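Visitor: So I've got this file, protein.pdb, and it contains PDB, C-alpha atoms, pLDDT in the B column:
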```
ATOM      1  CA  GLN A   1       0.000   0.000   0.000  1.00 74.00           C
ATOM      2  CA  SER A   2       1.580   3.256  -1.132  1.00 88.00           C
ATOM      3  CA  ALA A   3       1.521   6.345   1.040  1.00 93.00           C
ATOM      4  CA  LEU A   4      -1.075   8.975   0.249  1.00 97.00           C
ATOM      5  CA  THR A   5       0.337  12.012  -1.563  1.00 98.00           C
ATOM      6  CA  GLN A   6       0.576  15.330   0.249  1.00 98.00           C
ATOM      7  CA  PRO A   7       2.440  18.500  -0.720  1.00 98.00           C
ATOM      8  CA  ALA A   8       5.753  18.730   1.079  1.00 97.00           C
ATOM      9  CA  SER A   9       5.117  22.222   2.384  1.00 97.00           C
ATOM     10  CA  VAL A  10       2.459  24.909   2.612  1.00 98.00           C
ATOM     11  CA  SER A  11       2.880  28.343   4.122  1.00 97.00           C
ATOM     12  CA  GLY A  12       0.679  31.255   5.045  1.00 96.00           C
ATOM     13  CA  SER A  13       0.585  34.455   7.031  1.00 97.00           C
ATOM     14  CA  PRO A  14      -1.192  34.787  10.360  1.00 97.00           C
ATOM     15  CA  GLY A  15      -4.923  35.165   9.856  1.00 97.00           C
ATOM     16  CA  GLN A  16      -4.913  33.622   6.408  1.00 97.00           C
ATOM     17  CA  SER A  17      -6.584  30.377   5.385  1.00 97.00           C
ATOM     18  CA  ILE A  18      -4.649  27.498   3.883  1.00 98.00           C
ATOM     19  CA  ALA A  19      -5.722  24.166   2.441  1.00 98.00           C
ATOM     20  CA  LEU A  20      -3.733  20.949   2.598  1.00 98.00           C
ATOM     21  CA  SER A  21      -4.460  18.212   0.097  1.00 98.00           C
ATOM     22  CA  CYS A  22      -4.228  14.440   0.450  1.00 98.00           C
ATOM     23  CA  THR A  23      -4.487  12.425  -2.734  1.00 98.00           C
ATOM     24  CA  GLY A  24      -5.061   8.711  -2.886  1.00 97.00           C
ATOM     25  CA  THR A  25      -6.996   6.317  -5.065  1.00 96.00           C
ATOM     26  CA  SER A  26     -10.440   4.802  -5.295  1.00 95.00           C
ATOM     27  CA  SER A  27      -9.111   1.999  -3.083  1.00 94.00           C
ATOM     28  CA  ASP A  28      -8.504   4.266  -0.136  1.00 95.00           C
ATOM     29  CA  VAL A  29      -9.452   7.969   0.055  1.00 96.00           C
ATOM     30  CA  GLY A  30     -12.038   7.724  -2.715  1.00 96.00           C
ATOM     31  CA  GLY A  31     -13.533   4.483  -1.534  1.00 95.00           C
ATOM     32  CA  TYR A  32     -14.237   5.204   2.111  1.00 95.00           C
ATOM     33  CA  ASN A  33     -15.230   8.109   4.317  1.00 95.00           C
ATOM     34  CA  PHE A  34     -12.512   7.204   6.798  1.00 96.00           C
ATOM     35  CA  VAL A  35      -9.994   9.978   6.279  1.00 97.00           C
ATOM     36  CA  SER A  36      -8.307  11.545   9.295  1.00 97.00           C
ATOM     37  CA  TRP A  37      -5.836  14.352   9.811  1.00 98.00           C
ATOM     38  CA  TYR A  38      -3.109  14.509  12.444  1.00 98.00           C
ATOM     39  CA  GLN A  39      -1.043  17.467  13.619  1.00 98.00           C
ATOM     40  CA  HIS A  40       2.483  16.590  14.686  1.00 97.00           C
ATOM     41  CA  HIS A  41       4.827  18.934  16.474  1.00 95.00           C
ATOM     42  CA  PRO A  42       8.403  17.582  16.523  1.00 88.00           C
ATOM     43  CA  GLY A  43       9.168  15.699  19.693  1.00 88.00           C
ATOM     44  CA  LYS A  44       5.534  15.382  20.700  1.00 93.00           C
ATOM     45  CA  ALA A  45       2.874  12.784  20.046  1.00 94.00           C
ATOM     46  CA  PRO A  46       0.605  13.417  17.061  1.00 95.00           C
ATOM     47  CA  LYS A  47      -2.855  14.859  17.684  1.00 97.00           C
ATOM     48  CA  VAL A  48      -5.995  13.991  15.745  1.00 96.00           C
ATOM     49  CA  MET A  49      -7.608  17.088  14.254  1.00 97.00           C
ATOM     50  CA  ILE A  50     -10.236  15.557  11.945  1.00 97.00           C
ATOM     51  CA  TYR A  51     -11.643  12.037  11.606  1.00 96.00           C
ATOM     52  CA  ASP A  52     -14.148  10.469   9.216  1.00 95.00           C
ATOM     53  CA  VAL A  53     -13.441  13.238   6.663  1.00 97.00           C
ATOM     54  CA  THR A  54     -15.288  16.050   8.428  1.00 97.00           C
ATOM     55  CA  ASN A  55     -15.615  15.269  12.139  1.00 96.00           C
ATOM     56  CA  ARG A  56     -13.732  17.366  14.641  1.00 97.00           C
ATOM     57  CA  PRO A  57     -12.917  15.812  18.041  1.00 94.00           C
ATOM     58  CA  SER A  58     -13.960  17.767  21.082  1.00 93.00           C
ATOM     59  CA  GLY A  59     -11.331  20.294  22.042  1.00 94.00           C
ATOM     60  CA  VAL A  60     -10.077  20.871  18.506  1.00 97.00           C
ATOM     61  CA  SER A  61     -10.492  24.414  17.263  1.00 97.00           C
ATOM     62  CA  ASN A  62     -13.252  25.018  14.723  1.00 96.00           C
ATOM     63  CA  ARG A  63     -10.599  26.728  12.598  1.00 98.00           C
ATOM     64  CA  PHE A  64      -9.824  23.218  11.346  1.00 98.00           C
ATOM     65  CA  SER A  65     -12.195  21.636   8.849  1.00 98.00           C
ATOM     66  CA  GLY A  66     -12.079  18.663   6.523  1.00 98.00           C
ATOM     67  CA  SER A  67     -13.623  17.730   3.206  1.00 97.00           C
ATOM     68  CA  LYS A  68     -13.276  15.238   0.374  1.00 97.00           C
ATOM     69  CA  SER A  69     -13.863  15.186  -3.352  1.00 97.00           C
ATOM     70  CA  GLY A  70     -13.219  12.018  -5.277  1.00 97.00           C
ATOM     71  CA  ASN A  71      -9.800  10.641  -4.419  1.00 97.00           C
ATOM     72  CA  THR A  72      -8.584  13.844  -2.743  1.00 98.00           C
ATOM     73  CA  ALA A  73      -9.230  14.923   0.821  1.00 98.00           C
ATOM     74  CA  SER A  74      -8.485  18.380   2.172  1.00 98.00           C
ATOM     75  CA  LEU A  75      -7.786  19.993   5.510  1.00 98.00           C
ATOM     76  CA  THR A  76      -8.472  23.702   5.742  1.00 98.00           C
ATOM     77  CA  ILE A  77      -6.961  25.813   8.480  1.00 98.00           C
ATOM     78  CA  SER A  78      -8.600  29.202   8.764  1.00 97.00           C
ATOM     79  CA  GLY A  79      -7.333  32.153  10.779  1.00 97.00           C
ATOM     80  CA  LEU A  80      -3.816  30.716  10.708  1.00 97.00           C
ATOM     81  CA  GLN A  81      -1.943  31.075  14.007  1.00 97.00           C
ATOM     82  CA  ALA A  82       1.688  30.615  14.970  1.00 97.00           C
ATOM     83  CA  GLU A  83       0.811  27.525  16.994  1.00 96.00           C
ATOM     84  CA  ASP A  84      -0.486  25.852  13.820  1.00 97.00           C
ATOM     85  CA  GLU A  85       3.063  25.520  12.534  1.00 97.00           C
ATOM     86  CA  ALA A  86       3.621  21.758  12.489  1.00 98.00           C
ATOM     87  CA  ASP A  87       3.623  18.696  10.266  1.00 98.00           C
ATOM     88  CA  TYR A  88       0.234  17.427   9.149  1.00 98.00           C
ATOM     89  CA  TYR A  89      -0.539  13.878   8.064  1.00 98.00           C
ATOM     90  CA  CYS A  90      -3.659  12.438   6.532  1.00 98.00           C
ATOM     91  CA  THR A  91      -4.668   8.807   6.914  1.00 97.00           C
ATOM     92  CA  SER A  92      -7.186   6.627   5.158  1.00 97.00           C
ATOM     93  CA  TYR A  93      -8.691   3.202   5.545  1.00 95.00           C
ATOM     94  CA  THR A  94      -7.737   0.988   2.593  1.00 95.00           C
ATOM     95  CA  GLY A  95     -10.193  -1.855   2.928  1.00 90.00           C
ATOM     96  CA  SER A  96      -7.811  -3.938   4.978  1.00 90.00           C
ATOM     97  CA  SER A  97      -5.424  -1.550   6.706  1.00 93.00           C
ATOM     98  CA  THR A  98      -4.600   2.094   7.333  1.00 95.00           C
ATOM     99  CA  VAL A  99      -2.188   4.214   5.341  1.00 96.00           C
ATOM    100  CA  PHE A 100      -0.644   7.563   6.204  1.00 97.00           C
ATOM    101  CA  GLY A 101       0.103  10.393   3.826  1.00 98.00           C
ATOM    102  CA  THR A 102       3.585  11.657   3.098  1.00 98.00           C
ATOM    103  CA  GLY A 103       3.058  14.675   5.339  1.00 97.00           C
ATOM    104  CA  THR A 104       2.917  18.443   4.847  1.00 98.00           C
ATOM    105  CA  LYS A 105       5.010  20.933   6.759  1.00 98.00           C
ATOM    106  CA  VAL A 106       2.962  24.018   7.531  1.00 98.00           C
ATOM    107  CA  THR A 107       4.936  27.210   8.039  1.00 97.00           C
ATOM    108  CA  VAL A 108       3.417  30.355   9.469  1.00 97.00           C
ATOM    109  CA  LEU A 109       5.250  33.288   7.934  1.00 94.00           C
TER     110      LEU A 109
ATOM    111  CA  GLN B   1      -7.132  10.361  32.797  1.00 95.00           C
ATOM    112  CA  VAL B   2      -6.029   8.208  29.884  1.00 97.00           C
ATOM    113  CA  HIS B   3      -2.337   7.361  29.733  1.00 97.00           C
ATOM    114  CA  LEU B   4      -0.268   5.167  27.465  1.00 98.00           C
ATOM    115  CA  VAL B   5       3.261   4.705  28.817  1.00 98.00           C
ATOM    116  CA  GLN B   6       5.868   3.044  26.636  1.00 98.00           C
ATOM    117  CA  SER B   7       9.099   1.283  27.512  1.00 98.00           C
ATOM    118  CA  GLY B   8      12.441   3.011  27.207  1.00 98.00           C
ATOM    119  CA  ALA B   9      14.829   3.514  24.348  1.00 98.00           C
ATOM    120  CA  GLU B  10      16.590   0.515  22.847  1.00 98.00           C
ATOM    121  CA  VAL B  11      19.781  -0.010  20.867  1.00 98.00           C
ATOM    122  CA  LYS B  12      19.906  -3.180  18.817  1.00 98.00           C
ATOM    123  CA  LYS B  13      22.289  -4.754  16.332  1.00 98.00           C
ATOM    124  CA  PRO B  14      21.179  -5.615  12.798  1.00 98.00           C
ATOM    125  CA  GLY B  15      19.420  -8.956  12.761  1.00 97.00           C
ATOM    126  CA  ALA B  16      18.284  -8.691  16.361  1.00 98.00           C
ATOM    127  CA  SER B  17      14.741  -8.283  17.678  1.00 98.00           C
ATOM    128  CA  VAL B  18      13.122  -5.586  19.778  1.00 98.00           C
ATOM    129  CA  LYS B  19       9.994  -5.706  21.915  1.00 98.00           C
ATOM    130  CA  VAL B  20       8.332  -2.446  22.913  1.00 98.00           C
ATOM    131  CA  SER B  21       5.642  -2.288  25.569  1.00 98.00           C
ATOM    132  CA  CYS B  22       2.714   0.096  25.964  1.00 98.00           C
ATOM    133  CA  LYS B  23       0.963   0.184  29.361  1.00 98.00           C
ATOM    134  CA  ALA B  24      -2.535   1.616  29.396  1.00 98.00           C
ATOM    135  CA  SER B  25      -4.327   3.255  32.300  1.00 98.00           C
ATOM    136  CA  GLY B  26      -7.371   5.405  32.902  1.00 97.00           C
ATOM    137  CA  TYR B  27      -9.796   3.423  30.742  1.00 97.00           C
ATOM    138  CA  THR B  28     -11.007  -0.119  30.097  1.00 97.00           C
ATOM    139  CA  PHE B  29      -8.124  -1.696  28.216  1.00 97.00           C
ATOM    140  CA  THR B  30     -10.292  -4.080  26.208  1.00 96.00           C
ATOM    141  CA  ASP B  31     -12.601  -1.346  24.865  1.00 96.00           C
ATOM    142  CA  TYR B  32     -10.001   0.139  22.504  1.00 96.00           C
ATOM    143  CA  PHE B  33      -7.657  -1.218  19.878  1.00 96.00           C
ATOM    144  CA  ILE B  34      -3.953  -0.448  20.234  1.00 97.00           C
ATOM    145  CA  HIS B  35      -2.252   0.724  17.046  1.00 98.00           C
ATOM    146  CA  TRP B  36       1.481   1.033  16.434  1.00 98.00           C
ATOM    147  CA  VAL B  37       2.933   3.841  14.307  1.00 98.00           C
ATOM    148  CA  ARG B  38       6.577   4.638  13.659  1.00 97.00           C
ATOM    149  CA  GLN B  39       8.562   7.589  12.387  1.00 97.00           C
ATOM    150  CA  ALA B  40      12.062   7.161  11.033  1.00 97.00           C
ATOM    151  CA  PRO B  41      14.438  10.143  11.219  1.00 96.00           C
ATOM    152  CA  GLY B  42      13.396  12.791   8.712  1.00 94.00           C
ATOM    153  CA  GLN B  43      10.544  10.624   7.472  1.00 95.00           C
ATOM    154  CA  GLY B  44       6.780  10.573   7.861  1.00 95.00           C
ATOM    155  CA  LEU B  45       4.468   8.510  10.009  1.00 96.00           C
ATOM    156  CA  GLU B  46       3.975   4.862   9.094  1.00 97.00           C
ATOM    157  CA  TRP B  47       1.154   2.635  10.303  1.00 96.00           C
ATOM    158  CA  MET B  48       2.436  -0.760  11.416  1.00 97.00           C
ATOM    159  CA  GLY B  49      -0.652  -2.562  12.586  1.00 96.00           C
ATOM    160  CA  CYS B  50      -3.068  -2.966  15.460  1.00 96.00           C
ATOM    161  CA  ILE B  51      -4.270  -5.406  18.079  1.00 97.00           C
ATOM    162  CA  ASP B  52      -7.633  -5.976  19.702  1.00 96.00           C
ATOM    163  CA  PRO B  53      -6.806  -6.400  23.391  1.00 97.00           C
ATOM    164  CA  ASN B  54     -10.138  -8.130  23.902  1.00 95.00           C
ATOM    165  CA  ASN B  55      -9.366 -11.233  21.853  1.00 95.00           C
ATOM    166  CA  GLY B  56      -5.768 -10.709  20.723  1.00 96.00           C
ATOM    167  CA  GLY B  57      -6.764 -10.384  17.078  1.00 96.00           C
ATOM    168  CA  THR B  58      -4.194  -8.539  14.968  1.00 97.00           C
ATOM    169  CA  ASN B  59      -3.947  -6.761  11.646  1.00 95.00           C
ATOM    170  CA  TYR B  60      -0.477  -6.019  10.338  1.00 96.00           C
ATOM    171  CA  ALA B  61       0.614  -3.682   7.573  1.00 95.00           C
ATOM    172  CA  GLN B  62       1.827  -5.633   4.573  1.00 93.00           C
ATOM    173  CA  ASN B  63       5.306  -4.099   4.844  1.00 92.00           C
ATOM    174  CA  PHE B  64       5.871  -5.781   8.192  1.00 94.00           C
ATOM    175  CA  ARG B  65       4.151  -9.139   7.803  1.00 90.00           C
ATOM    176  CA  GLY B  66       6.465 -11.964   8.655  1.00 92.00           C
ATOM    177  CA  ARG B  67       8.595 -10.055  11.131  1.00 97.00           C
ATOM    178  CA  ILE B  68       6.129  -8.266  13.392  1.00 98.00           C
ATOM    179  CA  THR B  69       4.133  -9.650  16.279  1.00 98.00           C
ATOM    180  CA  MET B  70       1.695  -7.703  18.418  1.00 98.00           C
ATOM    181  CA  SER B  71       0.477  -9.171  21.666  1.00 98.00           C
ATOM    182  CA  ARG B  72      -1.142  -8.118  24.915  1.00 98.00           C
ATOM    183  CA  ASP B  73      -1.374  -9.065  28.568  1.00 98.00           C
ATOM    184  CA  ARG B  74      -4.813  -8.138  29.836  1.00 97.00           C
ATOM    185  CA  SER B  75      -3.811  -8.789  33.451  1.00 97.00           C
ATOM    186  CA  ILE B  76      -1.483  -5.774  33.373  1.00 98.00           C
ATOM    187  CA  ASN B  77      -3.201  -3.692  30.671  1.00 98.00           C
ATOM    188  CA  THR B  78      -0.148  -3.814  28.448  1.00 98.00           C
ATOM    189  CA  ALA B  79       0.302  -4.212  24.714  1.00 98.00           C
ATOM    190  CA  TYR B  80       3.516  -5.259  23.029  1.00 98.00           C
ATOM    191  CA  MET B  81       5.050  -4.859  19.594  1.00 98.00           C
ATOM    192  CA  GLU B  82       7.936  -7.109  18.616  1.00 98.00           C
ATOM    193  CA  LEU B  83       9.915  -6.539  15.436  1.00 98.00           C
ATOM    194  CA  THR B  84      12.460  -9.131  14.319  1.00 98.00           C
ATOM    195  CA  SER B  85      15.323  -9.229  11.814  1.00 97.00           C
ATOM    196  CA  LEU B  86      16.061  -5.565  12.421  1.00 98.00           C
ATOM    197  CA  ILE B  87      17.770  -3.535   9.717  1.00 97.00           C
ATOM    198  CA  TYR B  88      19.248  -0.035   9.875  1.00 98.00           C
ATOM    199  CA  ASP B  89      16.077   1.404   8.314  1.00 97.00           C
ATOM    200  CA  ASP B  90      14.107   0.226  11.355  1.00 98.00           C
ATOM    201  CA  THR B  91      15.736   3.012  13.363  1.00 98.00           C
ATOM    202  CA  ALA B  92      12.739   5.080  14.345  1.00 98.00           C
ATOM    203  CA  VAL B  93      10.510   6.364  17.105  1.00 97.00           C
ATOM    204  CA  TYR B  94       7.764   3.852  17.722  1.00 98.00           C
ATOM    205  CA  TYR B  95       4.417   5.031  19.078  1.00 98.00           C
ATOM    206  CA  CYS B  96       1.415   3.192  20.409  1.00 98.00           C
ATOM    207  CA  ALA B  97      -2.010   4.822  20.208  1.00 98.00           C
ATOM    208  CA  ARG B  98      -5.543   3.782  21.093  1.00 97.00           C
ATOM    209  CA  ASP B  99      -8.635   3.856  18.912  1.00 94.00           C
ATOM    210  CA  ILE B 100     -12.186   2.563  19.155  1.00 89.00           C
ATOM    211  CA  PRO B 101     -12.751  -0.633  17.141  1.00 86.00           C
ATOM    212  CA  GLY B 102     -13.687   0.026  13.545  1.00 85.00           C
ATOM    213  CA  TYR B 103     -12.374   1.420  10.297  1.00 86.00           C
ATOM    214  CA  SER B 104     -12.059   4.997  11.430  1.00 87.00           C
ATOM    215  CA  SER B 105      -8.680   6.397  12.471  1.00 90.00           C
ATOM    216  CA  ASN B 106      -9.215   8.465  15.603  1.00 93.00           C
ATOM    217  CA  TYR B 107      -6.146   7.923  17.723  1.00 95.00           C
ATOM    218  CA  ASP B 108      -7.109  10.090  20.667  1.00 94.00           C
ATOM    219  CA  SER B 109      -4.332   9.098  23.030  1.00 96.00           C
ATOM    220  CA  TRP B 110      -0.721   8.254  22.254  1.00 97.00           C
ATOM    221  CA  GLY B 111       2.279   6.912  24.093  1.00 97.00           C
ATOM    222  CA  GLN B 112       5.321   9.101  24.507  1.00 96.00           C
ATOM    223  CA  GLY B 113       7.252   7.201  21.845  1.00 97.00           C
ATOM    224  CA  THR B 114      10.151   4.750  22.084  1.00 98.00           C
ATOM    225  CA  LEU B 115      13.346   5.355  20.150  1.00 98.00           C
ATOM    226  CA  VAL B 116      14.761   2.194  18.664  1.00 98.00           C
ATOM    227  CA  THR B 117      18.226   2.552  17.204  1.00 98.00           C
ATOM    228  CA  VAL B 118      19.659  -0.169  15.003  1.00 98.00           C
ATOM    229  CA  SER B 119      23.421   0.088  15.006  1.00 97.00           C
ATOM    230  CA  SER B 120      26.357  -2.253  14.704  1.00 95.00           C
TER     231      SER B 120
END
```
Using structure tokens, write down the structure that the file contains.

Guide:
Amino acid sequence: QSALTQPASVSGSPGQSIALSCTGTSSDVGGYNFVSWYQHHPGKAPKVMIYDVTNRPSGVSNRFSGSKSGNTASLTISGLQAEDEADYYCTSYTGSSTVFGTGTKVTVL
Amino acid sequence: QVHLVQSGAEVKKPGASVKVSCKASGYTFTDYFIHWVRQAPGQGLEWMGCIDPNNGGTNYAQNFRGRITMSRDRSINTAYMELTSLIYDDTAVYYCARDIPGYSSNYDSWGQGTLVTVSS
């Protein structure tokens, strides 16, 4: 199972909105509504930000939202803040396992 | 409060095996699957597999089948991940995380990570 494809880096200024993409195939992202997004600050454990494409766990800011179209899922961060600077990984169910994306480094300018 | 506490760092020689533990507290151990995820230096996260502590059922990522074994000891609320035939590329931080049974990925609690270094 190949990793899902994410852009290596995305940047934005404080207050802006950015969108991170996660591209897979009809066998994973496109085939199931089981896409999640994790925020990972170096040296810390990852944190789930979105699960099941659009659901936000309690305690996660509503500045984070998820969506999906075909084989591509997206995470939108609105009102970008300095604390949002981190690595972001998508995951998807594949029918028999779970696969992570390649990861996107978000930089707040 | 939910806690997953992992065993300490390990240094292993190529060809050896490593067994990492993950002790759960603050919830009913058998109500959640335990997943294992690793991150090699400078690389992304990689899903390795999961175990159902209730019945010991496992699901391993294809990349690791044949040299990975996940197990659990319900009497001490601890899950284990053993990786054999270690190679240099297995140098990584290994995490355990819990999730409700199902297809969704919602790892809401993670261990602190265990650094495994493969070095001759």

Visitor: Compile the contact shell of Gly15 (chain B) as an mmCIF file with C-alpha atoms, in the coordinates of the input: residues with an atom at most 8 Å away, counting all atoms listed in the file, same-chain residues fewer than 2 positions apart removed.

Guide:
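File selection_12.cif, as written:
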```cif
data_model
loop_
_atom_site.group_PDB
_atom_site.id
_atom_site.type_symbol
_atom_site.label_atom_id
_atom_site.label_comp_id
_atom_site.auth_asym_id
_atom_site.auth_seq_id
_atom_site.Cartn_x
_atom_site.Cartn_y
_atom_site.Cartn_z
ATOM 1 C CA LYS B 13 22.289 -4.754 16.332
ATOM 2 C CA SER B 17 14.741 -8.283 17.678
ATOM 3 C CA THR B 84 12.460 -9.131 14.319
ATOM 4 C CA SER B 85 15.323 -9.229 11.814
ATOM 5 C CA LEU B 86 16.061 -5.565 12.421
ATOM 6 C CA ILE B 87 17.770 -3.535 9.717
#
```

Visitor: Show me as a count of residues only the residues that reach within 10 Å of (8.2, 10.6, 5.0), counting all atoms listed in the file and using the file's own coordinates.

Guide: 16

Visitor: Residues of chain A were defined as contacting chain B if any atom lay at most 8 Å from it, counting only C-alpha atoms; please report them as a ChimeraX atom specification.

Guide: /A:1,34-36,44-48,51-52,89,91-93,97-103

Visitor: Please, what distance in Å, to one decimal, runs between CA of Tyr80 (chain B) and CA of Cys22 (chain B)?

Guide: 6.2 Å

Visitor: Given the point (-9.2, 32.7, 12.3) in the file's coordinates, find the residues that have an atom at most 10 Å from it, counting only C-alpha atoms, and give them as a PDB file with C-alpha atoms, in the frame of the given file.

Guide:
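Dumped everything to out_11.pdb:
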```
ATOM      1  CA  PRO A  14      -1.192  34.787  10.360  1.00 97.00           C
ATOM      2  CA  GLY A  15      -4.923  35.165   9.856  1.00 97.00           C
ATOM      3  CA  GLN A  16      -4.913  33.622   6.408  1.00 97.00           C
ATOM      4  CA  SER A  17      -6.584  30.377   5.385  1.00 97.00           C
ATOM      5  CA  SER A  61     -10.492  24.414  17.263  1.00 97.00           C
ATOM      6  CA  ASN A  62     -13.252  25.018  14.723  1.00 96.00           C
ATOM      7  CA  ARG A  63     -10.599  26.728  12.598  1.00 98.00           C
ATOM      8  CA  PHE A  64      -9.824  23.218  11.346  1.00 98.00           C
ATOM      9  CA  ILE A  77      -6.961  25.813   8.480  1.00 98.00           C
ATOM     10  CA  SER A  78      -8.600  29.202   8.764  1.00 97.00           C
ATOM     11  CA  GLY A  79      -7.333  32.153  10.779  1.00 97.00           C
ATOM     12  CA  LEU A  80      -3.816  30.716  10.708  1.00 97.00           C
ATOM     13  CA  GLN A  81      -1.943  31.075  14.007  1.00 97.00           C
TER      14      GLN A  81
END
```

Visitor: Which residues would end up in the selection if the PyMOL selection byres ((chain B and resi 7) around 6) were applied here, given that I need the answer as a list in words?

Guide: Gln6, Gly8, Val20 and Ser21 of chain B

Visitor: With C-alpha atoms retained, export the selected residues as an mmCIF file, in the frame of the given file.

Guide:
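Contents of again_39.cif, freshly written:
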```
data_model
loop_
_atom_site.group_PDB
_atom_site.id
_atom_site.type_symbol
_atom_site.label_atom_id
_atom_site.label_comp_id
_atom_site.auth_asym_id
_atom_site.auth_seq_id
_atom_site.Cartn_x
_atom_site.Cartn_y
_atom_site.Cartn_z
ATOM 1 C CA GLN B 6 5.868 3.044 26.636
ATOM 2 C CA GLY B 8 12.441 3.011 27.207
ATOM 3 C CA VAL B 20 8.332 -2.446 22.913
ATOM 4 C CA SER B 21 5.642 -2.288 25.569
#
```
